[in-house]
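S.K.: File follows, input-v4.tsv with TSV, C-alpha atoms:
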chain	number	residue	atom	x	y	z
A	977	MET	CA	-214.09	3.41	169.94
A	978	VAL	CA	-216.41	6.39	169.46
A	979	GLN	CA	-219.08	6.63	172.13
A	980	GLU	CA	-221.42	9.31	173.44
A	981	TYR	CA	-222.36	9.14	177.11
A	982	GLY	CA	-224.56	10.90	179.59
A	983	ALA	CA	-225.40	14.59	179.93
A	984	ASP	CA	-221.82	15.65	179.23
A	985	CYS	CA	-221.95	14.13	175.71
A	986	GLN	CA	-218.22	13.46	175.88
A	987	ILE	CA	-216.76	11.79	172.82
A	988	HIS	CA	-213.50	9.83	172.86
A	989	ALA	CA	-211.73	7.97	170.13
A	990	SER	CA	-209.94	5.31	172.18
A	991	MET	CA	-211.57	2.57	174.20
A	992	LYS	CA	-212.22	3.51	177.81
A	993	LEU	CA	-212.39	1.05	180.70
A	994	SER	CA	-213.34	1.35	184.33
A	995	LEU	CA	-211.17	-0.90	186.50
A	996	LEU	CA	-212.68	-1.54	189.94
A	997	THR	CA	-210.34	-3.16	192.46
A	998	ASP	CA	-209.62	-3.18	196.18
A	999	GLY	CA	-206.03	-2.11	195.51
A	1000	ILE	CA	-202.97	-2.18	193.29
A	1001	THR	CA	-199.39	-3.01	194.17
A	1002	PRO	CA	-197.29	-1.58	195.67
A	1003	TYR	CA	-199.91	0.48	197.53
A	1004	VAL	CA	-201.71	-2.70	198.63
A	1005	THR	CA	-199.93	-6.06	198.61
A	1006	GLY	CA	-201.35	-9.31	197.27
A	1007	GLY	CA	-201.71	-11.40	194.13
A	1008	MET	CA	-205.02	-9.81	193.11
A	1009	GLN	CA	-203.54	-6.35	193.62
A	1010	LYS	CA	-200.51	-7.17	191.47
A	1011	HIS	CA	-202.84	-8.44	188.76
A	1012	SER	CA	-204.82	-5.17	188.95
A	1013	TYR	CA	-201.63	-3.10	188.63
A	1014	CYS	CA	-200.61	-5.06	185.53
A	1015	LEU	CA	-204.05	-4.64	183.96
A	1016	ALA	CA	-203.91	-0.87	184.46
A	1017	ARG	CA	-200.33	-0.53	183.27
A	1018	TYR	CA	-200.53	-2.66	180.15
A	1019	PHE	CA	-203.92	-1.38	179.03
A	1020	ALA	CA	-202.49	2.14	179.37
A	1021	LEU	CA	-199.43	1.16	177.34
A	1022	GLN	CA	-201.82	0.08	174.56
A	1023	GLY	CA	-203.57	3.45	174.59
A	1024	VAL	CA	-206.67	2.41	176.51
A	1025	ASP	CA	-208.06	5.11	178.83
A	1026	ILE	CA	-208.74	3.83	182.35
A	1027	ASP	CA	-210.69	5.08	185.35
A	1028	LEU	CA	-208.89	3.23	188.14
A	1029	TYR	CA	-211.03	2.86	191.28
A	1030	HIS	CA	-208.87	1.47	194.10
A	1031	ASP	CA	-207.89	1.48	197.77
A	1032	TYR	CA	-205.35	3.91	199.27
A	1033	GLY	CA	-203.83	1.19	201.43
A	1034	SER	CA	-201.46	2.08	204.27
A	1035	LEU	CA	-198.00	1.57	202.77
A	1036	PHE	CA	-197.63	4.88	200.87
A	1037	SER	CA	-198.65	8.49	201.46
A	1038	ARG	CA	-201.94	9.68	200.03
A	1039	LYS	CA	-200.03	12.16	197.86
A	1040	GLU	CA	-198.04	9.32	196.26
A	1041	VAL	CA	-201.21	7.31	195.66
A	1042	ASP	CA	-203.12	10.29	194.27
A	1043	GLU	CA	-200.21	11.05	191.94
A	1044	LEU	CA	-200.07	7.37	190.81
A	1045	SER	CA	-196.34	7.35	191.58
A	1046	VAL	CA	-196.01	3.70	190.56
A	1047	PHE	CA	-196.80	4.49	186.91
A	1048	SER	CA	-194.62	6.23	184.31
A	1049	PRO	CA	-195.62	9.67	182.94
A	1050	SER	CA	-196.74	8.13	179.63
A	1051	GLU	CA	-198.84	5.51	181.45
A	1052	LYS	CA	-200.44	8.17	183.67
A	1053	GLU	CA	-201.68	10.03	180.59
A	1054	HIS	CA	-204.22	7.22	180.22
A	1055	ILE	CA	-205.03	6.52	183.91
A	1056	ASN	CA	-207.47	8.49	186.04
A	1057	GLY	CA	-206.90	7.37	189.63
A	1058	ILE	CA	-209.87	7.45	192.03
A	1059	ALA	CA	-208.85	6.19	195.48
A	1060	PHE	CA	-210.79	5.39	198.67
A	1061	ASP	CA	-210.15	3.98	202.11
A	1062	PHE	CA	-211.27	0.38	202.44
A	1063	PRO	CA	-213.45	0.13	205.58
A	1064	PRO	CA	-211.58	-1.06	208.70
A	1065	PRO	CA	-211.87	-4.64	210.01
A	1066	GLY	CA	-214.65	-5.69	212.33
A	1067	LYS	CA	-214.92	-8.41	214.95
A	1068	LEU	CA	-218.17	-10.16	214.14
A	1069	PRO	CA	-218.30	-12.98	211.57
A	1070	GLY	CA	-218.92	-11.75	208.05
A	1071	HIS	CA	-217.13	-8.44	208.58
A	1072	TYR	CA	-215.18	-8.75	205.31
A	1073	LEU	CA	-218.39	-9.07	203.29
A	1074	ARG	CA	-219.90	-6.08	205.08
A	1075	ARG	CA	-216.77	-4.01	204.45
A	1076	SER	CA	-216.70	-5.09	200.82
A	1077	LYS	CA	-220.31	-4.02	200.34
A	1078	SER	CA	-219.59	-0.61	201.88
A	1079	PHE	CA	-216.58	-0.22	199.60
A	1080	ALA	CA	-218.71	-1.18	196.60
A	1081	LYS	CA	-221.20	1.56	197.51
A	1082	MET	CA	-218.42	4.16	197.55
A	1083	LEU	CA	-217.24	2.97	194.14
A	1084	ARG	CA	-220.74	3.23	192.68
A	1085	GLU	CA	-221.19	6.80	193.94
A	1086	ALA	CA	-217.87	7.83	192.40
A	1087	PHE	CA	-218.65	5.94	189.19
A	1088	LEU	CA	-221.82	7.99	188.69
A	1089	GLU	CA	-219.74	11.19	188.71
A	1090	GLN	CA	-217.53	10.09	185.81
A	1091	PRO	CA	-218.32	9.91	182.08
A	1092	LEU	CA	-219.38	6.34	181.38
A	1093	PRO	CA	-216.77	3.95	179.99
A	1094	ASP	CA	-217.16	1.36	177.25
A	1095	PHE	CA	-216.66	-1.60	179.59
A	1096	ILE	CA	-216.22	-2.29	183.31
A	1097	VAL	CA	-213.63	-4.75	184.63
A	1098	ALA	CA	-214.52	-5.37	188.28
A	1099	LYS	CA	-212.50	-7.41	190.79
A	1100	GLY	CA	-214.13	-9.47	193.49
A	1101	PHE	CA	-217.00	-7.77	195.31
A	1102	THR	CA	-216.37	-4.27	193.88
A	1103	PRO	CA	-219.35	-4.33	191.43
A	1104	TRP	CA	-221.83	-5.36	194.15
A	1105	SER	CA	-223.70	-2.02	194.28
A	1106	LEU	CA	-223.52	-1.44	190.53
A	1107	LEU	CA	-225.12	-4.83	189.92
A	1108	ASP	CA	-227.77	-4.32	192.61
A	1109	ASP	CA	-228.78	-0.93	191.17
A	1110	ARG	CA	-227.52	-0.51	187.63
A	1111	PRO	CA	-227.31	3.10	186.45
A	1112	ALA	CA	-228.94	4.14	183.18
A	1113	ASN	CA	-226.92	3.23	180.08
A	1114	CYS	CA	-224.54	1.16	182.20
A	1115	PRO	CA	-221.91	-0.51	179.99
A	1116	PRO	CA	-221.21	-4.25	180.20
A	1117	ILE	CA	-219.71	-5.45	183.48
A	1118	GLY	CA	-217.15	-8.25	183.59
A	1119	VAL	CA	-216.45	-9.55	187.09
A	1120	LYS	CA	-213.24	-11.29	188.12
A	1121	PHE	CA	-212.94	-13.49	191.21
A	1122	HIS	CA	-209.37	-14.71	191.52
A	1123	GLY	CA	-208.95	-17.86	193.56
A	1124	MET	CA	-212.55	-19.08	193.65
A	1125	ASN	CA	-211.43	-20.80	196.86
A	1126	MET	CA	-214.95	-20.91	198.23
A	1127	PHE	CA	-215.85	-23.47	195.54
A	1128	GLN	CA	-212.68	-25.56	195.77
A	1129	THR	CA	-211.39	-28.11	198.30
A	1130	LEU	CA	-211.54	-26.63	201.78
A	1131	THR	CA	-209.97	-27.44	205.12
A	1132	GLY	CA	-210.46	-26.16	208.64
A	1133	THR	CA	-213.61	-24.96	210.39
A	1134	ARG	CA	-212.93	-21.27	209.79
A	1135	GLY	CA	-212.22	-21.74	206.08
A	1136	LYS	CA	-215.39	-23.75	205.58
A	1137	LEU	CA	-217.48	-21.19	207.48
A	1138	GLU	CA	-216.10	-18.28	205.44
A	1139	ALA	CA	-216.68	-20.17	202.20
A	1140	ALA	CA	-220.29	-20.88	203.18
A	1141	MET	CA	-220.84	-17.14	203.67
A	1142	PHE	CA	-219.06	-16.15	200.44
A	1143	ARG	CA	-220.62	-18.69	198.07
A	1144	PRO	CA	-224.14	-17.21	197.69
A	1145	VAL	CA	-222.80	-13.68	197.21
A	1146	VAL	CA	-220.16	-14.73	194.68
A	1147	ARG	CA	-222.68	-16.86	192.80
A	1148	LYS	CA	-225.14	-13.95	192.68
A	1149	LEU	CA	-222.54	-11.45	191.42
A	1150	MET	CA	-221.31	-13.81	188.71
A	1151	ARG	CA	-224.83	-14.55	187.49
A	1152	SER	CA	-225.76	-10.85	187.54
A	1153	SER	CA	-222.70	-9.74	185.57
A	1154	ASP	CA	-222.65	-9.59	181.79
A	1155	TYR	CA	-219.38	-11.52	181.71
A	1156	VAL	CA	-217.16	-13.44	184.12
A	1157	PHE	CA	-213.40	-13.52	183.67
A	1158	SER	CA	-211.62	-16.83	184.22
A	1159	TYR	CA	-207.98	-17.90	184.35
A	1160	GLY	CA	-209.00	-21.09	182.53
A	1161	GLY	CA	-208.49	-24.69	183.65
A	1162	ARG	CA	-210.55	-25.80	186.60
A	1163	ILE	CA	-211.65	-22.18	187.25
A	1164	THR	CA	-213.79	-22.17	184.10
A	1165	GLU	CA	-215.41	-25.44	185.17
A	1166	ILE	CA	-216.25	-23.95	188.57
A	1167	ILE	CA	-217.80	-20.84	187.03
A	1168	GLU	CA	-219.96	-22.97	184.73
A	1169	GLU	CA	-221.06	-25.09	187.68
A	1170	GLN	CA	-222.38	-21.92	189.35
A	1171	GLY	CA	-224.79	-21.28	186.50
A	1172	VAL	CA	-222.80	-18.96	184.21
A	1173	PRO	CA	-223.19	-19.87	180.50
A	1174	LEU	CA	-219.93	-20.69	178.75
A	1175	GLU	CA	-220.46	-17.90	176.20
A	1176	GLN	CA	-220.35	-15.36	179.05
A	1177	ILE	CA	-217.01	-16.62	180.40
A	1178	LEU	CA	-213.93	-14.74	179.17
A	1179	GLU	CA	-210.77	-16.84	179.57
A	1180	PHE	CA	-207.53	-14.93	180.04
A	1181	PRO	CA	-204.58	-16.12	182.13
A	1182	SER	CA	-202.48	-14.01	184.42
A	1183	GLY	CA	-199.09	-13.00	183.12
A	1184	ILE	CA	-195.50	-12.07	183.77
A	1185	GLU	CA	-193.65	-8.87	182.92
A	1186	SER	CA	-191.03	-9.25	180.20
A	1187	ASP	CA	-188.20	-7.77	182.27
A	1188	TRP	CA	-188.60	-10.65	184.74
A	1189	LEU	CA	-187.96	-13.35	182.14
A	1190	GLU	CA	-184.51	-14.91	182.23
A	1191	ARG	CA	-183.66	-18.57	182.07
A	1192	SER	CA	-181.41	-19.60	184.96
A	1193	GLU	CA	-178.41	-21.77	184.09
A	1194	ARG	CA	-177.74	-23.07	187.60
A	1195	GLU	CA	-175.58	-26.18	187.87
A	1196	MET	CA	-177.42	-28.84	189.88
A	1197	GLU	CA	-175.12	-30.37	192.46
A	1198	GLU	CA	-178.20	-31.00	194.56
A	1199	VAL	CA	-181.86	-30.58	193.63
A	1200	ARG	CA	-183.19	-27.50	195.39
A	1201	PHE	CA	-186.91	-27.04	196.03
A	1202	ILE	CA	-188.49	-23.70	196.93
A	1203	TYR	CA	-191.87	-22.75	198.43
A	1204	VAL	CA	-192.97	-19.11	198.01
A	1205	GLY	CA	-196.02	-17.86	199.89
A	1206	ARG	CA	-197.59	-17.19	203.26
A	1207	TYR	CA	-198.42	-19.71	205.94
A	1208	GLU	CA	-202.05	-20.67	205.44
A	1209	ARG	CA	-203.81	-23.98	205.94
A	1210	LEU	CA	-205.15	-23.97	202.37
A	1211	LYS	CA	-201.58	-23.84	201.04
A	1212	GLY	CA	-200.94	-27.44	202.13
A	1213	ILE	CA	-197.73	-26.51	203.91
A	1214	GLU	CA	-198.36	-28.97	206.75
A	1215	GLU	CA	-198.64	-31.81	204.27
A	1216	LEU	CA	-195.39	-30.69	202.66
A	1217	TYR	CA	-193.70	-30.62	206.08
A	1218	THR	CA	-194.86	-34.17	206.77
A	1219	ALA	CA	-193.55	-35.35	203.41
A	1220	ILE	CA	-190.14	-33.75	203.98
A	1221	ARG	CA	-189.78	-35.48	207.35
A	1222	THR	CA	-190.29	-38.89	205.71
A	1223	LEU	CA	-187.69	-38.49	202.96
A	1224	PRO	CA	-184.56	-40.68	203.12
A	1225	ALA	CA	-181.70	-38.99	204.95
A	1226	ASP	CA	-179.30	-39.50	202.04
A	1227	LEU	CA	-181.57	-37.90	199.41
A	1228	ASN	CA	-179.56	-35.19	197.63
A	1229	THR	CA	-181.95	-32.29	198.06
A	1230	SER	CA	-182.86	-29.21	200.12
A	1231	PHE	CA	-185.94	-27.05	200.70
A	1232	SER	CA	-186.26	-23.28	201.05
A	1233	PHE	CA	-189.32	-21.37	202.27
A	1234	VAL	CA	-189.88	-17.72	201.30
A	1235	GLY	CA	-192.70	-15.71	202.84
A	1236	PRO	CA	-194.15	-14.50	206.14
A	1237	ILE	CA	-194.11	-17.85	207.93
A	1238	PRO	CA	-194.28	-17.40	211.75
A	1239	GLU	CA	-191.44	-18.79	213.85
A	1240	ASP	CA	-193.76	-21.24	215.59
A	1241	LYS	CA	-194.87	-22.60	212.20
A	1242	ARG	CA	-191.36	-23.38	211.00
A	1243	MET	CA	-189.93	-26.88	211.02
A	1244	ASP	CA	-186.53	-27.67	212.51
A	1245	HIS	CA	-184.88	-29.85	209.89
A	1246	PRO	CA	-181.29	-30.02	208.55
A	1247	ARG	CA	-182.31	-29.70	204.89
A	1248	VAL	CA	-184.80	-26.83	205.42
A	1249	LYS	CA	-184.02	-23.08	205.26
A	1250	TYR	CA	-186.29	-20.05	205.80
A	1251	TYR	CA	-185.76	-16.65	204.16
A	1252	GLY	CA	-188.74	-14.88	205.72
A	1253	GLN	CA	-190.65	-12.26	203.76
A	1254	VAL	CA	-188.61	-10.86	200.87
A	1255	SER	CA	-189.81	-7.44	199.72
A	1256	SER	CA	-187.10	-6.62	197.19
A	1257	ARG	CA	-187.93	-7.77	193.66
A	1258	GLN	CA	-184.26	-8.29	192.86
A	1259	ASP	CA	-183.60	-10.24	196.06
A	1260	LEU	CA	-186.57	-12.51	195.34
A	1261	ARG	CA	-185.37	-13.01	191.79
A	1262	ALA	CA	-181.90	-14.01	193.01
A	1263	ILE	CA	-183.37	-16.51	195.48
A	1264	TYR	CA	-185.50	-18.15	192.80
A	1265	GLN	CA	-182.44	-18.54	190.58
A	1266	GLU	CA	-180.63	-20.52	193.28
A	1267	HIS	CA	-183.32	-23.22	193.03
A	1268	ASP	CA	-184.63	-25.77	190.56
A	1269	VAL	CA	-188.22	-26.73	191.45
A	1270	LEU	CA	-191.05	-24.62	192.89
A	1271	VAL	CA	-193.37	-26.57	195.19
A	1272	SER	CA	-197.05	-25.64	195.49
A	1273	THR	CA	-199.11	-28.20	197.41
A	1274	SER	CA	-202.26	-26.12	197.86
A	1275	TYR	CA	-205.81	-27.29	198.44
A	1276	SER	CA	-207.06	-24.47	196.20
A	1277	GLU	CA	-205.56	-21.77	193.97
A	1278	GLY	CA	-206.33	-19.35	191.18
A	1279	MET	CA	-203.30	-18.92	188.93
A	1280	PRO	CA	-200.42	-18.52	191.40
A	1281	ASN	CA	-197.97	-15.68	190.80
A	1282	ALA	CA	-195.25	-17.80	192.40
A	1283	ILE	CA	-195.56	-20.42	189.64
A	1284	LEU	CA	-195.47	-17.77	186.91
A	1285	GLU	CA	-192.45	-16.12	188.52
A	1286	ALA	CA	-190.57	-19.38	189.00
A	1287	MET	CA	-191.23	-20.69	185.49
A	1288	GLY	CA	-190.33	-17.27	184.07
A	1289	LEU	CA	-186.86	-17.75	185.55
A	1290	GLY	CA	-186.49	-21.28	184.24
A	1291	LEU	CA	-187.59	-23.35	187.24
A	1292	THR	CA	-189.90	-26.31	186.86
A	1293	THR	CA	-192.87	-26.85	189.19
A	1294	PHE	CA	-194.36	-29.58	191.36
A	1295	SER	CA	-197.96	-28.67	192.19
A	1296	THR	CA	-201.39	-29.91	193.07
A	1297	ASP	CA	-203.90	-29.68	190.20
A	1298	THR	CA	-206.04	-26.82	191.51
A	1299	GLY	CA	-207.57	-23.70	189.98
A	1300	ALA	CA	-205.89	-22.84	186.69
A	1301	VAL	CA	-202.55	-24.45	187.56
A	1302	ARG	CA	-202.93	-27.01	184.76
A	1303	ALA	CA	-202.71	-24.15	182.24
A	1304	LEU	CA	-199.14	-23.67	183.45
A	1305	VAL	CA	-197.99	-27.08	184.64
A	1306	ASN	CA	-198.18	-30.26	182.57
A	1307	GLU	CA	-196.08	-33.35	181.92
A	1308	LYS	CA	-193.61	-31.26	179.89
A	1309	THR	CA	-193.23	-28.30	182.24
A	1310	GLY	CA	-193.51	-29.94	185.65
A	1311	TRP	CA	-195.29	-32.45	187.87
A	1312	LEU	CA	-198.98	-32.41	188.89
A	1313	ILE	CA	-200.80	-34.43	191.56
A	1314	GLU	CA	-204.46	-34.45	192.51
A	1315	SER	CA	-205.79	-32.26	195.30
A	1316	PRO	CA	-206.23	-32.53	198.25
A	1317	PRO	CA	-202.49	-32.94	198.90
A	1318	ASP	CA	-201.45	-36.26	200.42
A	1319	PRO	CA	-198.10	-36.41	202.30
A	1320	GLU	CA	-197.25	-39.91	201.05
A	1321	ARG	CA	-197.93	-38.94	197.45
A	1322	ILE	CA	-195.94	-35.71	197.85
A	1323	ALA	CA	-192.96	-37.63	199.27
A	1324	ALA	CA	-193.08	-40.18	196.46
A	1325	VAL	CA	-193.08	-37.51	193.73
A	1326	LEU	CA	-190.30	-35.55	195.46
A	1327	GLN	CA	-188.12	-38.66	195.35
A	1328	GLU	CA	-189.09	-39.30	191.73
A	1329	ILE	CA	-188.06	-35.76	190.80
A	1330	VAL	CA	-184.70	-35.90	192.59
A	1331	SER	CA	-183.85	-39.23	190.96
A	1332	ASP	CA	-183.59	-37.80	187.42
A	1333	LYS	CA	-181.68	-34.53	186.96
A	1334	THR	CA	-181.86	-34.84	183.18
A	1335	GLU	CA	-185.65	-34.82	183.33
A	1336	ILE	CA	-185.55	-31.80	185.64
A	1337	GLU	CA	-183.41	-29.89	183.13
A	1338	GLN	CA	-185.75	-30.77	180.27
A	1339	ARG	CA	-188.83	-29.64	182.17
A	1340	LYS	CA	-187.07	-26.46	183.29
A	1341	ALA	CA	-186.39	-25.57	179.66
A	1342	SER	CA	-189.97	-26.36	178.63
A	1343	ALA	CA	-191.37	-24.34	181.55
A	1344	PHE	CA	-189.45	-21.23	180.53
A	1345	ASP	CA	-190.45	-21.57	176.87
A	1346	HIS	CA	-194.12	-22.03	177.86
A	1347	ILE	CA	-194.14	-18.79	179.86
A	1348	ASP	CA	-192.10	-16.86	177.32
A	1349	LYS	CA	-194.44	-17.74	174.45
A	1350	ASN	CA	-197.84	-17.60	176.15
A	1351	PHE	CA	-197.84	-15.55	179.36
A	1352	ARG	CA	-196.26	-12.17	178.67
A	1353	TRP	CA	-198.51	-9.35	179.85
A	1354	GLU	CA	-198.19	-7.52	176.53
A	1355	THR	CA	-199.66	-10.50	174.70
A	1356	ILE	CA	-202.45	-11.10	177.21
A	1357	ILE	CA	-203.59	-7.47	177.28
A	1358	SER	CA	-203.56	-7.28	173.49
A	1359	GLN	CA	-205.87	-10.29	173.38
A	1360	MET	CA	-208.13	-8.85	176.11
A	1361	LYS	CA	-208.35	-5.50	174.34
A	1362	GLN	CA	-209.31	-7.16	171.07
A	1363	ARG	CA	-211.95	-9.34	172.76
A	1364	ILE	CA	-213.54	-6.47	174.68
A	1365	GLU	CA	-213.61	-4.31	171.55
A	1366	GLY	CA	-215.53	-7.12	169.86
A	1367	LEU	CA	-218.04	-7.24	172.70
A	1368	ILE	CA	-218.85	-3.51	172.73
A	1369	LYS	CA	-219.21	-2.90	168.98
Can the structure in the file be given as C-alpha cells, please?
M.R.:
Amino acid sequence: MVQEYGADCQIHASMKLSLLTDGITPYVTGGMQKHSYCLARYFALQGVDIDLYHDYGSLFSRKEVDELSVFSPSEKEHINGIAFDFPPPGKLPGHYLRRSKSFAKMLREAFLEQPLPDFIVAKGFTPWSLLDDRPANCPPIGVKFHGMNMFQTLTGTRGKLEAAMFRPVVRKLMRSSDYVFSYGGRITEIIEEQGVPLEQILEFPSGIESDWLERSEREMEEVRFIYVGRYERLKGIEELYTAIRTLPADLNTSFSFVGPIPEDKRMDHPRVKYYGQVSSRQDLRAIYQEHDVLVSTSYSEGMPNAILEAMGLGLTTFSTDTGAVRALVNEKTGWLIESPPDPERIAAVLQEIVSDKTEIEQRKASAFDHIDKNFRWETIISQMKQRIEGLIK
C-alpha cells in the first residue's frame, strides 16, 4: 500500500500493521500470546511491516525482548518491537481491568509517537484508550477477544463475578471498534448477540505451524486419551474425573493429563497418569504422539491450541461444543457433545469411542487432513492480509 501519514509524511510501499497485545510467546506464556507471536511472524514473512506493542514479561531478559530474539533476522526486518511492563497485580476486585486500562494508556502514548499504520489489530483490552480518544487520522481498528468466556456458560461464584465485570467493557470495545475478529463457530454468534453487525465481523481461525504437522502412526493396543491444559473450573476437569471413575474396570483405555495441575487436584486412579507442565515443544509433541484422542470437556473456549496441536499430529478429539470448536471437530474428525459437560454423557461417549478402533482410526485420518488443508498459519495469514488490504483501499 502507498500511504501518507502525519507530520513526518512517511511513505511506504508495503502494508503496515500495528499489533497491540499483552505479550507474545515465549516472553509471556498463554494461548493468546502464542497467537500474537504467530500473527507477527507470519505477517512479517509475507512482507508486512509491523509495529509490535507488547509486554516484557518476566521469563527473558529485557535485552532479549528488545532484540526480538524469538524472531529470525529476516522476520525482524519487518518488526518494530515496542515493549512495556504490564502493571502488577492488585488485591481489590477488578484489578485486572484496572491494570489493562493502564496498559492501554501506555500503548496509546507510544502509538502517537510512531508513523500511523494502515490498520490496527488489537488484542483484548489493548485498544481501550485508542477507542476512548481516537487520534486524528486513526486507521481502522480491529479488536480480537479470544475466549469470549464472559458470554459463554459459566460456573463458580468467582467466574460469574469476573464475567459480570468484563461484559460491559468488552461489549463497549467491540461496538466501538471498526471491526471485530472472530474464530468463527459459536464465537461469531456471540459477537453478533452483543450488537456487532455481521459485516463488521472478520472470521479467521487460529492455526498451526507447518513444522508441527505429522500424522502419528501409533498402533492402538489400548485407546489412550489425553487432556492438555491447566486446572481451571471452566475446563470441566471435575466432570471428566467423575466420568472416569464410573467407567467399567475392564475398559481397554487410559488417560493422561498434561499441564500445571496441582497435586491436591489430581485423582488417584489406576488408569490415570500425570505428566505435569511440559515446557519442551519436542517433549510435548512426543507425548501427544503416544495417544489417540484429545479430551476437552470445557464449559467455554475460544479455539483451543491443544485441539489444533493434537489434530495436527493425527489425533482425533472428543470435546464439548463451545466457542469455535465446531470449526475443528465434527462427525468426521471427532466427537462433540453439548455444553455444559455432563459426567454421565461424557462416560457414555468415552465408552462409545473405545468400542470401535476402526472408527477412531478413520476420524484420526480425517482430523489430520482437516488441519493440514485449512489451518496452516501461512494460509490463514495470506487470507487475512488480502482481506485487510481490501478494507483499507
S.K.: For CA of Pro1103 (chain A) and CA of Glu1043 (chain A), quote the distance in Å rounded to one decimal.
M.R.: 24.6 Å
S.K.: Which residues come within 10 Å of region 1286-1288 of chain A, counting only C-alpha atoms, excluding same-chain residues fewer than 4 positions away, as a PDB file with C-alpha atoms, keeping the file's coordinate frame?
M.R.:
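So the final result, stored in part.pdb, reads:
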ATOM      1  CA  GLY A1183    -199.090 -13.000 183.120  1.00  0.00           C
ATOM      2  CA  ILE A1184    -195.500 -12.070 183.770  1.00  0.00           C
ATOM      3  CA  GLU A1185    -193.650  -8.870 182.920  1.00  0.00           C
ATOM      4  CA  SER A1186    -191.030  -9.250 180.200  1.00  0.00           C
ATOM      5  CA  ASP A1187    -188.200  -7.770 182.270  1.00  0.00           C
ATOM      6  CA  TRP A1188    -188.600 -10.650 184.740  1.00  0.00           C
ATOM      7  CA  LEU A1189    -187.960 -13.350 182.140  1.00  0.00           C
ATOM      8  CA  GLU A1190    -184.510 -14.910 182.230  1.00  0.00           C
ATOM      9  CA  ARG A1191    -183.660 -18.570 182.070  1.00  0.00           C
ATOM     10  CA  SER A1192    -181.410 -19.600 184.960  1.00  0.00           C
ATOM     11  CA  ILE A1202    -188.490 -23.700 196.930  1.00  0.00           C
ATOM     12  CA  VAL A1204    -192.970 -19.110 198.010  1.00  0.00           C
ATOM     13  CA  ARG A1261    -185.370 -13.010 191.790  1.00  0.00           C
ATOM     14  CA  TYR A1264    -185.500 -18.150 192.800  1.00  0.00           C
ATOM     15  CA  GLN A1265    -182.440 -18.540 190.580  1.00  0.00           C
ATOM     16  CA  HIS A1267    -183.320 -23.220 193.030  1.00  0.00           C
ATOM     17  CA  ASP A1268    -184.630 -25.770 190.560  1.00  0.00           C
ATOM     18  CA  VAL A1269    -188.220 -26.730 191.450  1.00  0.00           C
ATOM     19  CA  LEU A1270    -191.050 -24.620 192.890  1.00  0.00           C
ATOM     20  CA  VAL A1271    -193.370 -26.570 195.190  1.00  0.00           C
ATOM     21  CA  ASN A1281    -197.970 -15.680 190.800  1.00  0.00           C
ATOM     22  CA  ALA A1282    -195.250 -17.800 192.400  1.00  0.00           C
ATOM     23  CA  THR A1292    -189.900 -26.310 186.860  1.00  0.00           C
ATOM     24  CA  THR A1293    -192.870 -26.850 189.190  1.00  0.00           C
ATOM     25  CA  LEU A1304    -199.140 -23.670 183.450  1.00  0.00           C
ATOM     26  CA  VAL A1305    -197.990 -27.080 184.640  1.00  0.00           C
ATOM     27  CA  THR A1309    -193.230 -28.300 182.240  1.00  0.00           C
ATOM     28  CA  GLY A1310    -193.510 -29.940 185.650  1.00  0.00           C
ATOM     29  CA  ARG A1339    -188.830 -29.640 182.170  1.00  0.00           C
ATOM     30  CA  LYS A1340    -187.070 -26.460 183.290  1.00  0.00           C
ATOM     31  CA  ALA A1341    -186.390 -25.570 179.660  1.00  0.00           C
ATOM     32  CA  SER A1342    -189.970 -26.360 178.630  1.00  0.00           C
ATOM     33  CA  ALA A1343    -191.370 -24.340 181.550  1.00  0.00           C
ATOM     34  CA  PHE A1344    -189.450 -21.230 180.530  1.00  0.00           C
ATOM     35  CA  ASP A1345    -190.450 -21.570 176.870  1.00  0.00           C
ATOM     36  CA  HIS A1346    -194.120 -22.030 177.860  1.00  0.00           C
ATOM     37  CA  ILE A1347    -194.140 -18.790 179.860  1.00  0.00           C
ATOM     38  CA  ASP A1348    -192.100 -16.860 177.320  1.00  0.00           C
ATOM     39  CA  PHE A1351    -197.840 -15.550 179.360  1.00  0.00           C
ATOM     40  CA  ARG A1352    -196.260 -12.170 178.670  1.00  0.00           C
TER      41      ARG A1352
END
S.K.: In the coordinate frame of the file, compute which residues have an atom within 8 Å of (-222.5, -8.7, 187.9) when using all atoms listed in the file, and state them as a list of chain:residue names.
M.R.: A:Pro1103, A:Trp1104, A:Leu1106, A:Leu1107, A:Ile1117, A:Gly1118, A:Val1119, A:Lys1148, A:Leu1149, A:Met1150, A:Arg1151, A:Ser1152, A:Ser1153, A:Asp1154, A:Tyr1155
S.K.: Near Leu1083 (chain A), within 12 Å and counting all atoms listed in the file, which residues show up once chain neighbours fewer than 5 positions away are dropped, as an MDAnalysis selection string?
M.R.: chainID A and resid 994:998 1027:1031 1058:1062 1076:1078 1088:1090 1098:1099 1101:1107
S.K.: Report as a ChimeraX atom specification all protein, DNA and RNA residues lying within 12 Å of Leu1174 (chain A), evaluated on all atoms listed in the file, omitting residues in the same chain fewer than 2 positions from it.
M.R.: /A:1151,1154-1158,1160,1163-1172,1176-1179
S.K.: Near Ser1315 (chain A), counting only C-alpha atoms, which residues have an atom at most 8 Å away, once you skip same-chain residues fewer than 2 positions from it, shown as a VMD selection string?
M.R.: chain A and resid 1129 1274 to 1276 1296 to 1298 1313 1317 to 1318
S.K.: So which residues fall inside 12 Å of (-187.6, -16.3, 202.8) if we count all atoms listed in the file? Mind giving them as a ChimeraX atom specification?
M.R.: /A:1202-1207,1231-1239,1242,1248-1256,1259-1264
S.K.: Rank nothing, just name the residue among A:Met1196, A:Leu1137, A:Ile1356, A:Ala1300 nearest to Gly1161 (chain A), using all atoms listed in the file.
M.R.: A:Ala1300
S.K.: Can you tell me how far CA of Ile1055 (chain A) sits from CA of Asp1025 (chain A), in Å to one decimal?
M.R.: 6.1 Å
S.K.: Closest to Gly1023 (chain A) among A:Pro1224, A:Glu1053, A:Arg1084, A:Thr1001, using only C-alpha atoms?
M.R.: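 Nearest to Gly1023 (chain A): A:Glu1053.
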S.K.: Would you mind reading off the distance between CA of Gln1128 (chain A) and CA of Glu1314 (chain A), one decimal, in Å?
M.R.: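 About the pair CA of Gln1128 (chain A) and CA of Glu1314 (chain A): they are 12.5 Å apart.
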S.K.: Rank nothing, just name the residue among A:Glu1208, A:Asp1094, A:Met1126, A:Asp1226 nearest to Gly1278 (chain A), using all atoms listed in the file.
M.R.: A:Met1126
